[in-house]
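Next up, run_25.pdb (PDB, C-alpha atoms):
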ATOM      1  CA  MET E   1     -20.890 -19.305 -11.098
ATOM      2  CA  LYS E   2     -21.622 -15.917 -12.610
ATOM      3  CA  VAL E   3     -19.341 -12.875 -12.718
ATOM      4  CA  PHE E   4     -19.458  -9.323 -14.007
ATOM      5  CA  VAL E   5     -16.445  -8.214 -16.069
ATOM      6  CA  ILE E   6     -15.954  -4.522 -16.817
ATOM      7  CA  ASP E   7     -13.514  -3.131 -19.378
ATOM      8  CA  LEU E   8     -13.017   0.545 -18.561
ATOM      9  CA  SER E   9     -11.001   1.136 -21.729
ATOM     10  CA  VAL E  10     -14.256   1.063 -23.718
ATOM     11  CA  CYS E  11     -16.567   2.687 -21.145
ATOM     12  CA  ASN E  12     -17.560   6.087 -22.566
ATOM     13  CA  GLY E  13     -19.583   7.330 -19.604
ATOM     14  CA  CYS E  14     -22.949   7.163 -21.373
ATOM     15  CA  TYR E  15     -24.817   6.227 -18.151
ATOM     16  CA  CYS E  16     -26.935   3.648 -20.020
ATOM     17  CA  CYS E  17     -26.216   1.044 -17.319
ATOM     18  CA  GLN E  18     -27.409   3.359 -14.567
ATOM     19  CA  ILE E  19     -30.520   4.411 -16.502
ATOM     20  CA  ALA E  20     -31.408   0.811 -17.413
ATOM     21  CA  CYS E  21     -31.212  -0.224 -13.756
ATOM     22  CA  LYS E  22     -33.520   2.625 -12.784
ATOM     23  CA  ASP E  23     -35.946   1.684 -15.549
ATOM     24  CA  GLU E  24     -36.059  -1.914 -14.373
ATOM     25  CA  HIS E  25     -36.435  -1.341 -10.648
ATOM     26  CA  VAL E  26     -38.033   2.046  -9.939
ATOM     27  CA  GLY E  27     -41.752   1.524  -9.355
ATOM     28  CA  ASN E  28     -41.515  -2.236  -9.937
ATOM     29  CA  ASP E  29     -41.991  -4.818  -7.210
ATOM     30  CA  TRP E  30     -39.950  -7.906  -8.007
ATOM     31  CA  MET E  31     -40.683  -9.962  -4.900
ATOM     32  CA  PRO E  32     -39.164 -12.112  -3.547
ATOM     33  CA  TYR E  33     -35.986 -10.647  -5.119
ATOM     34  CA  ALA E  34     -36.461  -6.940  -4.430
ATOM     35  CA  ARG E  35     -38.997  -4.281  -3.532
ATOM     36  CA  PRO E  36     -39.217  -1.148  -5.702
ATOM     37  CA  GLN E  37     -36.138   1.066  -5.891
ATOM     38  CA  PRO E  38     -36.792   4.679  -4.818
ATOM     39  CA  ASP E  39     -37.018   7.347  -7.519
ATOM     40  CA  THR E  40     -33.978   9.127  -6.102
ATOM     41  CA  GLY E  41     -31.080   8.453  -3.762
ATOM     42  CA  GLN E  42     -30.128   4.970  -4.927
ATOM     43  CA  PHE E  43     -28.070   3.712  -7.850
ATOM     44  CA  TRP E  44     -27.776  -0.058  -7.684
ATOM     45  CA  ILE E  45     -25.229   0.422 -10.428
ATOM     46  CA  GLY E  46     -23.737   3.904 -10.300
ATOM     47  CA  LEU E  47     -21.244   5.470 -12.658
ATOM     48  CA  ALA E  48     -18.482   7.350 -10.846
ATOM     49  CA  GLU E  49     -17.020  10.123 -12.987
ATOM     50  CA  LYS E  50     -13.660  11.573 -11.952
ATOM     51  CA  VAL E  51     -11.630  14.346 -13.558
ATOM     52  CA  ARG E  52      -7.928  13.680 -13.008
ATOM     53  CA  GLY E  53      -4.815  15.795 -13.439
ATOM     54  CA  HIS E  54      -4.368  19.508 -14.078
ATOM     55  CA  VAL E  55      -5.176  21.569 -17.149
ATOM     56  CA  PRO E  56      -4.040  20.983 -19.849
ATOM     57  CA  GLN E  57      -3.052  17.397 -18.890
ATOM     58  CA  VAL E  58      -6.446  16.030 -17.881
ATOM     59  CA  ARG E  59      -8.096  12.617 -18.101
ATOM     60  CA  VAL E  60     -11.680  11.708 -17.250
ATOM     61  CA  SER E  61     -12.296   8.254 -15.767
ATOM     62  CA  TYR E  62     -15.606   6.397 -15.560
ATOM     63  CA  VAL E  63     -16.005   3.483 -13.153
ATOM     64  CA  PRO E  64     -19.345   1.641 -12.824
ATOM     65  CA  ASN E  65     -19.849   0.373  -9.282
ATOM     66  CA  LEU E  66     -22.430  -2.173  -8.158
ATOM     67  CA  CYS E  67     -22.769  -4.910  -5.578
ATOM     68  CA  HIS E  68     -19.680  -7.077  -5.927
ATOM     69  CA  HIS E  69     -21.569 -10.273  -4.988
ATOM     70  CA  CYS E  70     -18.585 -11.191  -2.834
ATOM     71  CA  ASP E  71     -17.743 -14.784  -1.994
ATOM     72  CA  ASP E  72     -16.641 -13.540   1.450
ATOM     73  CA  ALA E  73     -19.420 -10.998   1.834
ATOM     74  CA  PRO E  74     -19.192  -9.072   5.148
ATOM     75  CA  CYS E  75     -22.830  -8.036   4.763
ATOM     76  CA  MET E  76     -23.910 -11.670   5.068
ATOM     77  CA  GLU E  77     -21.805 -12.169   8.174
ATOM     78  CA  GLU E  78     -23.165  -9.033   9.862
ATOM     79  CA  CYS E  79     -26.849  -9.585   9.045
ATOM     80  CA  LYS E  80     -28.556 -10.513  12.319
ATOM     81  CA  ALA E  81     -31.796 -11.441  10.574
ATOM     82  CA  GLU E  82     -30.103 -13.907   8.193
ATOM     83  CA  ALA E  83     -31.790 -12.012   5.381
ATOM     84  CA  ILE E  84     -28.787 -12.053   3.023
ATOM     85  CA  TYR E  85     -27.918 -15.169   1.076
ATOM     86  CA  LYS E  86     -25.811 -16.237  -1.903
ATOM     87  CA  ARG E  87     -27.528 -18.000  -4.770
ATOM     88  CA  ASP E  88     -26.069 -21.017  -6.535
ATOM     89  CA  ASP E  89     -25.126 -18.750  -9.429
ATOM     90  CA  GLY E  90     -23.036 -16.521  -7.126
ATOM     91  CA  MET E  91     -25.418 -13.562  -6.828
ATOM     92  CA  VAL E  92     -25.933 -12.161  -3.320
ATOM     93  CA  ILE E  93     -29.546 -11.266  -2.493
ATOM     94  CA  ILE E  94     -31.132  -9.349   0.374
ATOM     95  CA  ASP E  95     -34.464 -11.042   1.137
ATOM     96  CA  PRO E  96     -36.974  -8.162   1.453
ATOM     97  CA  GLU E  97     -39.285 -10.273   3.619
ATOM     98  CA  LYS E  98     -36.599 -11.051   6.206
ATOM     99  CA  CYS E  99     -34.772  -7.712   6.292
ATOM    100  CA  ILE E 100     -35.464  -5.888   9.581
ATOM    101  CA  GLY E 101     -33.867  -2.582   8.583
ATOM    102  CA  CYS E 102     -30.964  -2.665  11.046
ATOM    103  CA  LYS E 103     -28.586  -1.084   8.464
ATOM    104  CA  LEU E 104     -25.633  -3.241   9.558
ATOM    105  CA  CYS E 105     -25.104  -4.538   6.030
ATOM    106  CA  ALA E 106     -24.980  -1.040   4.529
ATOM    107  CA  ASP E 107     -22.532   0.092   7.200
ATOM    108  CA  THR E 108     -20.333  -2.957   6.613
ATOM    109  CA  CYS E 109     -20.171  -3.029   2.804
ATOM    110  CA  PRO E 110     -16.671  -1.882   1.741
ATOM    111  CA  HIS E 111     -17.903  -1.220  -1.799
ATOM    112  CA  ASN E 112     -20.618   1.273  -0.785
ATOM    113  CA  ALA E 113     -23.090  -0.763  -2.798
ATOM    114  CA  ILE E 114     -25.922  -1.294  -0.272
ATOM    115  CA  PHE E 115     -28.574   1.380   0.178
ATOM    116  CA  PHE E 116     -31.278   1.938   2.748
ATOM    117  CA  ASN E 117     -34.897   2.589   1.830
ATOM    118  CA  ASP E 118     -36.335   4.684   4.651
ATOM    119  CA  GLN E 119     -39.882   4.403   3.370
ATOM    120  CA  LEU E 120     -39.832   0.608   3.238
ATOM    121  CA  ASN E 121     -37.361   0.218   6.139
ATOM    122  CA  LEU E 122     -35.122  -2.226   4.318
ATOM    123  CA  ALA E 123     -31.703  -2.498   2.691
ATOM    124  CA  GLN E 124     -31.538  -2.758  -1.091
ATOM    125  CA  LYS E 125     -28.944  -3.359  -3.799
ATOM    126  CA  CYS E 126     -28.193  -4.963  -7.154
ATOM    127  CA  THR E 127     -29.713  -8.416  -7.585
ATOM    128  CA  GLY E 128     -28.029  -9.215 -10.877
ATOM    129  CA  CYS E 129     -31.573  -8.960 -12.287
ATOM    130  CA  SER E 130     -32.142 -12.471 -10.974
ATOM    131  CA  HIS E 131     -35.907 -12.016 -11.394
ATOM    132  CA  LEU E 132     -35.488 -11.656 -15.157
ATOM    133  CA  ARG E 133     -33.003 -14.477 -15.558
ATOM    134  CA  ASP E 134     -35.124 -16.853 -13.478
ATOM    135  CA  SER E 135     -38.438 -16.012 -15.150
ATOM    136  CA  ASP E 136     -37.199 -16.303 -18.743
ATOM    137  CA  PRO E 137     -33.685 -17.796 -18.893
ATOM    138  CA  GLU E 138     -33.739 -18.122 -22.666
ATOM    139  CA  GLU E 139     -34.652 -14.469 -23.236
ATOM    140  CA  TRP E 140     -32.739 -12.965 -20.313
ATOM    141  CA  THR E 141     -29.228 -14.330 -19.896
ATOM    142  CA  GLU E 142     -27.816 -11.086 -18.453
ATOM    143  CA  PRO E 143     -28.908  -8.128 -16.294
ATOM    144  CA  ARG E 144     -30.443  -4.989 -17.787
ATOM    145  CA  CYS E 145     -27.281  -2.915 -17.253
ATOM    146  CA  VAL E 146     -25.297  -5.379 -19.376
ATOM    147  CA  ASP E 147     -27.989  -5.645 -22.016
ATOM    148  CA  GLN E 148     -28.072  -1.860 -22.455
ATOM    149  CA  CYS E 149     -24.307  -1.200 -22.530
ATOM    150  CA  PRO E 150     -23.641   0.028 -26.106
ATOM    151  CA  THR E 151     -19.880  -0.574 -26.004
ATOM    152  CA  GLU E 152     -20.046  -3.941 -24.196
ATOM    153  CA  ALA E 153     -17.887  -2.493 -21.466
ATOM    154  CA  ILE E 154     -19.962  -4.488 -18.944
ATOM    155  CA  ARG E 155     -20.441  -8.192 -19.534
ATOM    156  CA  PHE E 156     -21.934 -11.010 -17.481
ATOM    157  CA  GLY E 157     -21.643 -14.744 -17.611
ATOM    158  CA  GLU E 158     -19.956 -17.864 -16.371
ATOM    159  CA  GLU E 159     -16.653 -17.355 -14.603
ATOM    160  CA  SER E 160     -14.977 -20.025 -16.735
ATOM    161  CA  ASP E 161     -15.966 -18.228 -19.944
ATOM    162  CA  PHE E 162     -14.151 -15.073 -18.801
ATOM    163  CA  ALA E 163     -11.016 -16.802 -17.509
ATOM    164  CA  ASP E 164      -8.699 -14.899 -19.874
ATOM    165  CA  PHE E 165     -10.253 -11.551 -18.937
ATOM    166  CA  ILE E 166     -10.070 -12.293 -15.211
ATOM    167  CA  ALA E 167      -6.394 -13.260 -15.466
ATOM    168  CA  GLU E 168      -5.636  -9.676 -16.579
ATOM    169  CA  ALA E 169      -8.197  -7.957 -14.338
ATOM    170  CA  GLU E 170      -8.407  -6.824 -10.722
ATOM    171  CA  PRO E 171     -11.057  -6.028  -8.110
ATOM    172  CA  TYR E 172     -12.086  -2.406  -7.704
ATOM    173  CA  ARG E 173     -10.937  -2.293  -4.077
ATOM    174  CA  THR E 174      -8.307  -4.974  -3.602
ATOM    175  CA  GLU E 175      -7.795  -3.999   0.029
ATOM    176  CA  ALA E 176     -11.365  -5.079   0.854
ATOM    177  CA  GLY E 177     -10.381  -8.743   0.506
ATOM    178  CA  THR E 178     -13.975  -9.868  -0.055
ATOM    179  CA  LYS E 179     -13.375 -12.106  -3.113
ATOM    180  CA  SER E 180     -15.382  -9.879  -5.398
ATOM    181  CA  ARG E 181     -17.222 -11.383  -8.369
ATOM    182  CA  VAL E 182     -16.874  -8.126 -10.304
ATOM    183  CA  TYR E 183     -13.607  -7.833 -12.253
ATOM    184  CA  TYR E 184     -12.191  -4.673 -13.815
ATOM    185  CA  LYS E 185      -9.637  -4.016 -16.528
ATOM    186  CA  GLY E 186      -8.235  -0.540 -17.000
ATOM    187  CA  LEU E 187      -8.864   0.826 -13.538
ATOM    188  CA  PRO E 188      -7.380   4.337 -13.439
ATOM    189  CA  LYS E 189      -3.831   4.463 -12.118
ATOM    190  CA  LYS E 190      -1.806   7.576 -11.370
ATOM    191  CA  PHE E 191      -0.055   9.493 -14.133
ATOM    192  CA  ILE E 192       2.554  12.224 -14.549
ATOM    193  CA  ALA E 193       2.263  14.260 -17.746
ATOM    194  CA  GLY E 194       3.528  17.487 -19.259
ATOM    195  CA  THR E 195       4.444  19.448 -22.388
ATOM    196  CA  LEU E 196       8.044  20.296 -23.293
ATOM    197  CA  TYR E 197       8.959  23.497 -25.103
ATOM    198  CA  GLU E 198      11.965  25.578 -26.063
ATOM    199  CA  PRO E 199      11.595  28.912 -24.229
ATOM    200  CA  ASN E 200      13.368  31.131 -26.787
ATOM    201  CA  ASP E 201      11.577  29.998 -29.936
ATOM    202  CA  LYS E 202       8.379  29.117 -28.052
ATOM    203  CA  GLU E 203       8.235  25.812 -29.944
ATOM    204  CA  VAL E 204       7.290  22.426 -28.535
ATOM    205  CA  ILE E 205      10.008  19.788 -28.390
ATOM    206  CA  ILE E 206       9.104  16.634 -30.294
ATOM    207  CA  GLY E 207      10.764  13.273 -29.712
ATOM    208  CA  ALA E 208      12.320  14.107 -26.361
ATOM    209  CA  SER E 209      13.242  11.208 -24.095
ATOM    210  CA  CYS E 210      11.297  11.196 -20.809
ATOM    211  CA  THR E 211      12.578   8.858 -18.096
ATOM    212  CA  LEU E 212      10.740   8.491 -14.793
ATOM    213  CA  THR E 213      12.545   6.645 -11.987
ATOM    214  CA  ASP E 214      10.910   5.408  -8.799
ATOM    215  CA  GLU E 215      13.166   6.826  -6.083
ATOM    216  CA  GLU E 216      12.464   3.881  -3.777
ATOM    217  CA  SER E 217      12.416   0.817  -6.022
ATOM    218  CA  GLY E 218      14.473   2.074  -8.965
ATOM    219  CA  GLU E 219      11.732   1.022 -11.407
ATOM    220  CA  VAL E 220      11.948   2.998 -14.642
ATOM    221  CA  PHE E 221       9.196   4.246 -16.946
ATOM    222  CA  THR E 222       9.996   5.782 -20.338
ATOM    223  CA  GLU E 223       8.083   7.818 -22.896
ATOM    224  CA  THR E 224       8.796  10.061 -25.887
ATOM    225  CA  THR E 225       7.100  13.393 -26.475
ATOM    226  CA  ASN E 226       4.598  13.378 -29.329
ATOM    227  CA  ASN E 227       3.991  15.916 -32.115
ATOM    228  CA  PHE E 228       2.468  18.292 -29.568
ATOM    229  CA  GLY E 229       5.435  18.018 -27.204
ATOM    230  CA  ASP E 230       3.316  16.028 -24.754
ATOM    231  CA  PHE E 231       4.346  13.033 -22.661
ATOM    232  CA  TRP E 232       2.158  10.771 -20.523
ATOM    233  CA  LEU E 233       3.780   8.436 -18.002
ATOM    234  CA  GLU E 234       0.930   6.241 -16.798
ATOM    235  CA  ASN E 235       0.018   3.227 -14.658
ATOM    236  CA  LEU E 236       2.088   4.491 -11.734
ATOM    237  CA  LYS E 237       1.735   3.226  -8.176
ATOM    238  CA  ASP E 238       0.060   5.413  -5.572
ATOM    239  CA  ASN E 239       2.020   7.536  -3.128
ATOM    240  CA  ARG E 240       5.455   6.994  -4.601
ATOM    241  CA  SER E 241       8.221   9.546  -5.201
ATOM    242  CA  PHE E 242       9.836   9.860  -8.645
ATOM    243  CA  THR E 243      12.642  11.632 -10.473
ATOM    244  CA  LEU E 244      11.873  12.780 -14.012
ATOM    245  CA  THR E 245      14.698  13.236 -16.539
ATOM    246  CA  LEU E 246      13.936  14.990 -19.836
ATOM    247  CA  GLU E 247      16.436  15.040 -22.734
ATOM    248  CA  LYS E 248      16.566  15.947 -26.425
ATOM    249  CA  ASP E 249      19.733  16.853 -28.331
ATOM    250  CA  GLY E 250      21.275  19.715 -26.398
ATOM    251  CA  TYR E 251      18.345  20.169 -24.038
ATOM    252  CA  SER E 252      17.879  18.571 -20.637
ATOM    253  CA  ARG E 253      16.009  18.983 -17.400
ATOM    254  CA  THR E 254      15.639  16.952 -14.217
ATOM    255  CA  ILE E 255      12.733  17.229 -11.794
ATOM    256  CA  THR E 256      12.924  15.429  -8.438
ATOM    257  CA  GLY E 257      10.389  14.684  -5.727
ATOM    258  CA  LEU E 258       7.365  14.130  -7.980
ATOM    259  CA  THR E 259       4.806  12.233  -5.907
ATOM    260  CA  THR E 260       1.795  10.232  -7.019
ATOM    261  CA  ASP E 261      -0.539  11.107  -4.184
ATOM    262  CA  ILE E 262      -2.541  12.684  -7.032
ATOM    263  CA  ASP E 263      -2.474  12.566 -10.832
ATOM    264  CA  ARG E 264       0.038  15.216 -11.869
ATOM    265  CA  GLY E 265      -0.275  17.395 -14.931
ATOM    266  CA  LEU E 266       2.923  19.461 -14.926
ATOM    267  CA  GLY E 267       1.770  21.878 -17.602
ATOM    268  CA  ASP E 268       4.310  23.543 -19.927
ATOM    269  CA  ILE E 269       7.912  22.686 -19.049
ATOM    270  CA  PRO E 270      10.711  24.867 -20.476
ATOM    271  CA  MET E 271      13.843  22.957 -21.472
ATOM    272  CA  ASP E 272      17.342  24.255 -20.727
ATOM    273  CA  MET E 273      20.469  23.792 -22.823
ATOM    274  CA  LYS E 274      23.022  21.427 -21.343
ATOM    275  CA  GLY E 275      25.835  23.407 -20.007
TER     276      GLY E 275
END
Turn the structure described in the file into structure tokens.
Amino acid sequence: MKVFVIDLSVCNGCYCCQIACKDEHVGNDWMPYARPQPDTGQFWIGLAEKVRGHVPQVRVSYVPNLCHHCDDAPCMEECKAEAIYKRDDGMVIIDPEKCIGCKLCADTCPHNAIFFNDQLNLAQKCTGCSHLRDSDPEEWTEPRCVDQCPTEAIRFGEESDFADFIAEAEPYRTEAGTKSRVYYKGLPKKFIAGTLYEPNDKEVIIGASCTLTDEESGEVFTETTNNFGDFWLENLKDNRSFTLTLEKDGYSRTITGLTTDIDRGLGDIPMDMKG
């Protein structure tokens, strides 16, 4: 069965996937797979761009989101018209001829990947470009979004061929529990970052030891400030409380009660002499 695998470490936010999907589906009737996508208001694959942290410690994350073609798809269970079905290749399709426009599937989808076309009175979403792959399987082995991705951040194929990738990946929304067929590596996790400096000389402190301790579990994260005096402690769990200890030669500082409800850029941190 088919899967999408997405490596966010090489996604550069070019929007080619989103544009390619629009190009393929806007104004094109691909019955019985899908009716035309509206010009505006729907992105069957949409790129979410999020600015994280505080100036000057800022990261920008890009996460493509599409139908997750779930093995336990709540949209299928809720559809009273039995218009939603899973193909043998794992792709979930909304049959445009059977859809009665009740909107239950869109309301149920935990991935916000089903849209409603008011003009046509039907639900619509990613089809995995099944119309292309069925019509010319030798030419089209993957959807348009995958074909147009310049960095190969999005790939598509047999689940067995991506076994190594999947072993290191995770669903976008694990809590949904829908057995998603879209796997991500590099999903943004919380970070705590800052810049250390000596307040008298106004010079950054290079090579300082930065130790972050989870106040609940005792788990420890370590980092060393770079040539700009910066440290980045990343891949932290959400909504945890940490103690940060900073040390270099005769300088030290401890900061308690740092929480990861958000990504935290601590800005410039003056270091005190041990005393």
As an exercise, work out the distance from atom CA of E:Leu266 to atom CA of E:Gly194 in Å and give it to one decimal place.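 Value for the atom CA of E:Leu266-atom CA of E:Gly194 distance: 4.8 Å.
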Could you give me, as a tab-separated table, every stretch 121-141 of chain E residue with an atom at most 12 Å from stretch 67-88 of chain E, plus its closest atom pair and distance in Å to one decimal, counting all atoms listed in the file, rows ordered by chain then number?
residue	atom	partner	partner_atom	distance
E:Leu122	CA	E:Ala83	CA	10.4
E:Ala123	CA	E:Ala83	CA	9.9
E:Gln124	CA	E:Cys67	CA	10.1
E:Lys125	CA	E:Cys67	CA	6.6
E:Cys126	CA	E:Cys67	CA	5.6
E:Thr127	CA	E:Cys67	CA	8.0
E:Gly128	CA	E:Cys67	CA	8.6
E:Cys129	CA	E:Cys67	CA	11.8
E:Ser130	CA	E:Arg87	CA	9.5
E:Asp134	CA	E:Arg87	CA	11.6
Residues matched by the PyMOL selection byres ((chain E and resi 236-252) around 8), written as a VMD selection string: chain E and resid 189 to 191 205 207 to 216 233 to 235 253 to 262 271 to 274
What would the selection look like, as a ChimeraX atom specification, if the PyMOL selection byres ((chain E and resi 15-29) around 10) were run on the coordinates I just shared? /E:11-14,30-40,42-48,62,64-66,126,128-129,132,143-150,153-154
Given the selection you just returned, output its residues as a file containing C-alpha atoms, formatted as a CSV table (one decimal), in the coordinates of the input.
chain,number,residue,atom,x,y,z
E,11,CYS,CA,-16.6,2.7,-21.1
E,12,ASN,CA,-17.6,6.1,-22.6
E,13,GLY,CA,-19.6,7.3,-19.6
E,14,CYS,CA,-22.9,7.2,-21.4
E,30,TRP,CA,-40.0,-7.9,-8.0
E,31,MET,CA,-40.7,-10.0,-4.9
E,32,PRO,CA,-39.2,-12.1,-3.5
E,33,TYR,CA,-36.0,-10.6,-5.1
E,34,ALA,CA,-36.5,-6.9,-4.4
E,35,ARG,CA,-39.0,-4.3,-3.5
E,36,PRO,CA,-39.2,-1.1,-5.7
E,37,GLN,CA,-36.1,1.1,-5.9
E,38,PRO,CA,-36.8,4.7,-4.8
E,39,ASP,CA,-37.0,7.3,-7.5
E,40,THR,CA,-34.0,9.1,-6.1
E,42,GLN,CA,-30.1,5.0,-4.9
E,43,PHE,CA,-28.1,3.7,-7.8
E,44,TRP,CA,-27.8,-0.1,-7.7
E,45,ILE,CA,-25.2,0.4,-10.4
E,46,GLY,CA,-23.7,3.9,-10.3
E,47,LEU,CA,-21.2,5.5,-12.7
E,48,ALA,CA,-18.5,7.4,-10.8
E,62,TYR,CA,-15.6,6.4,-15.6
E,64,PRO,CA,-19.3,1.6,-12.8
E,65,ASN,CA,-19.8,0.4,-9.3
E,66,LEU,CA,-22.4,-2.2,-8.2
E,126,CYS,CA,-28.2,-5.0,-7.2
E,128,GLY,CA,-28.0,-9.2,-10.9
E,129,CYS,CA,-31.6,-9.0,-12.3
E,132,LEU,CA,-35.5,-11.7,-15.2
E,143,PRO,CA,-28.9,-8.1,-16.3
E,144,ARG,CA,-30.4,-5.0,-17.8
E,145,CYS,CA,-27.3,-2.9,-17.3
E,146,VAL,CA,-25.3,-5.4,-19.4
E,147,ASP,CA,-28.0,-5.6,-22.0
E,148,GLN,CA,-28.1,-1.9,-22.5
E,149,CYS,CA,-24.3,-1.2,-22.5
E,150,PRO,CA,-23.6,0.0,-26.1
E,153,ALA,CA,-17.9,-2.5,-21.5
E,154,ILE,CA,-20.0,-4.5,-18.9
For the file shown, what are the residues hit by the PyMOL selection byres ((chain E and resi 203) around 12), laid out as a compact mmCIF listing (two decimals) with C-alpha atoms, in the coordinates of the input?
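The new file selection-v7.txt reads:
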# COMPACT_ATOMS: atom_id res chain seq x y z
CA THR E 195 4.44 19.45 -22.39
CA LEU E 196 8.04 20.30 -23.29
CA TYR E 197 8.96 23.50 -25.10
CA GLU E 198 11.96 25.58 -26.06
CA PRO E 199 11.60 28.91 -24.23
CA ASN E 200 13.37 31.13 -26.79
CA ASP E 201 11.58 30.00 -29.94
CA LYS E 202 8.38 29.12 -28.05
CA VAL E 204 7.29 22.43 -28.54
CA ILE E 205 10.01 19.79 -28.39
CA ILE E 206 9.10 16.63 -30.29
CA ASN E 227 3.99 15.92 -32.12
CA PHE E 228 2.47 18.29 -29.57
CA GLY E 229 5.44 18.02 -27.20
CA ASP E 268 4.31 23.54 -19.93
CA ILE E 269 7.91 22.69 -19.05
CA PRO E 270 10.71 24.87 -20.48
CA MET E 271 13.84 22.96 -21.47
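Coordinates place atom CA of E:Trp232 at a distance of 8.6 Å from atom CA of E:Gln57.
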Ranking E:Val3, E:Val220, E:Val63, E:Cys99 by minimum distance to E:Tyr172 and counting all atoms listed in the file, which one comes first?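 Result for the nearest residue to E:Tyr172: E:Val63.
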Out of E:Gly41, E:Ala193, E:Pro137, E:Ser217, which residue has the shortest atom-to-atom distance to E:Val58 when counting all atoms listed in the file?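 The closest residue to E:Val58 is E:Ala193.
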Hey, could you pull the box centre and edge lengths for stretch 54-73 of chain E, axis-aligned, 6 Å padding per side, all listed atoms, to one decimal in Å, as AutoDock Vina command-line options?
--center_x -12.9 --center_y 3.4 --center_z -9.0 --size_x 31.7 --size_y 48.4 --size_z 33.7
To one decimal place, how far is atom CA of E:Thr222 from atom CA of E:Ala167 in Å?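 Result for atom CA of E:Thr222 versus atom CA of E:Ala167: 25.6 Å, one decimal.
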Applying 9 Å and all atoms listed in the file, which residues near E:Pro110 remain after dropping the ones on its own chain fewer than 4 positions away? List them as a PyMOL selection string. chain E and resi 74+106+173+176+178
Generate a file of the selected residues that holds C-alpha atoms, formatted as a PDB file, in the frame of the given file.
ATOM      1  CA  PRO E  74     -19.192  -9.072   5.148  1.00  0.00           C
ATOM      2  CA  ALA E 106     -24.980  -1.040   4.529  1.00  0.00           C
ATOM      3  CA  ARG E 173     -10.937  -2.293  -4.077  1.00  0.00           C
ATOM      4  CA  ALA E 176     -11.365  -5.079   0.854  1.00  0.00           C
ATOM      5  CA  THR E 178     -13.975  -9.868  -0.055  1.00  0.00           C
TER       6      THR E 178
END
Counting only C-alpha atoms, which residue out of E:Ala113, E:Val55, E:Leu120, E:Met1 sits closest to E:Gly101?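 For E:Gly101, the nearest of the candidates is E:Leu120.
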